[in-house]
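Student: Attaching a single structure in structure tokens format; questions to follow.
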Amino acid sequence: MWRRKLDIGSPISLVALGYGVAVNLAGFGLLGWDKSCAFRGRRRVPEARLLSVAALGGAPAMLLGRWLLRHKTKKQPFATYLTTIFSIQVLVAIALLLLMLGRQDWRSSLFLT
């Protein structure tokens with residue numbers, strides 16, 4: 001069962017990979033922009049917007065950005081919300097991976113054949 005390969009080169013996989021890279025770059029960039037604005041006394045990026053980008057898939061890069069940029073590390077409830085969003089995304093990703101690896105006909109069930 002675990003030896004079954006996923007079709008990583010399929011068009012839908014490439015689109016998903018591209019989306020993931022783009023949304024994570026956007027999340028990291030927004031966090032960096034917010035840090036820059038805070039440093040210069042300019043108008044900041046609203047936390048709701050940062051959390052929205054995290055919920056759309058940018059949570060991993062935003063967690064990395066918090067650590068690398070040392071920005072919003074103690075800000076509550078932002079830190080708790082971001083960690084919760086990331087945890088949910090990890091659980092969903094694991095569930096989808098197990099579903100895809102565990103089903104022999106997962107491609108036909110997703111109408112990908």
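Identifiers in this document derive from the order of the structure tokens: chains are assigned A, B, ..., residues are numbered from 1 separately in each chain, and ligands are numbered from 1 in order of occurrence.
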Per residue of region 6-53 of chain A within 9 Å of region 65-82 of chain A, note the shortest atom pair and the distance in Å to one decimal, counting only C-alpha atoms, and order the rows by chain and increasing residue number, as a tab-separated table.
Tutor:
```
residue	atom	partner	partner_atom	distance
A:Gly27	CA	A:Gly65	CA	8.4
A:Phe28	CA	A:Gly65	CA	5.6
A:Gly29	CA	A:Gly65	CA	8.6
A:Leu31	CA	A:Gly65	CA	6.7
A:Gly32	CA	A:Leu69	CA	7.1
A:Asp34	CA	A:His71	CA	8.6
A:Lys35	CA	A:His71	CA	6.3
A:Glu47	CA	A:Phe78	CA	7.2
A:Leu51	CA	A:Leu82	CA	6.6
```
Student: Excluding Val53 (chain A) and residues on its chain fewer than 3 positions from it, collect all residues at most 10 Å away from it, counting only C-alpha atoms, and give them as a list in words.
Tutor: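 Once the adjacent positions are removed, what remains is Val23, Asn24, Ala26, Gly27, Phe28, Leu30, Glu47, Ala48, Arg49, Leu50, Leu56, Gly57, Gly58, Ala59 and Met62 of chain A.
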Student: Please indicate the distance in Å from CA of Leu97 (chain A) to CA of Gly9 (chain A), rounded to one decimal place.
Tutor: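 So the answer is 15.9 Å.
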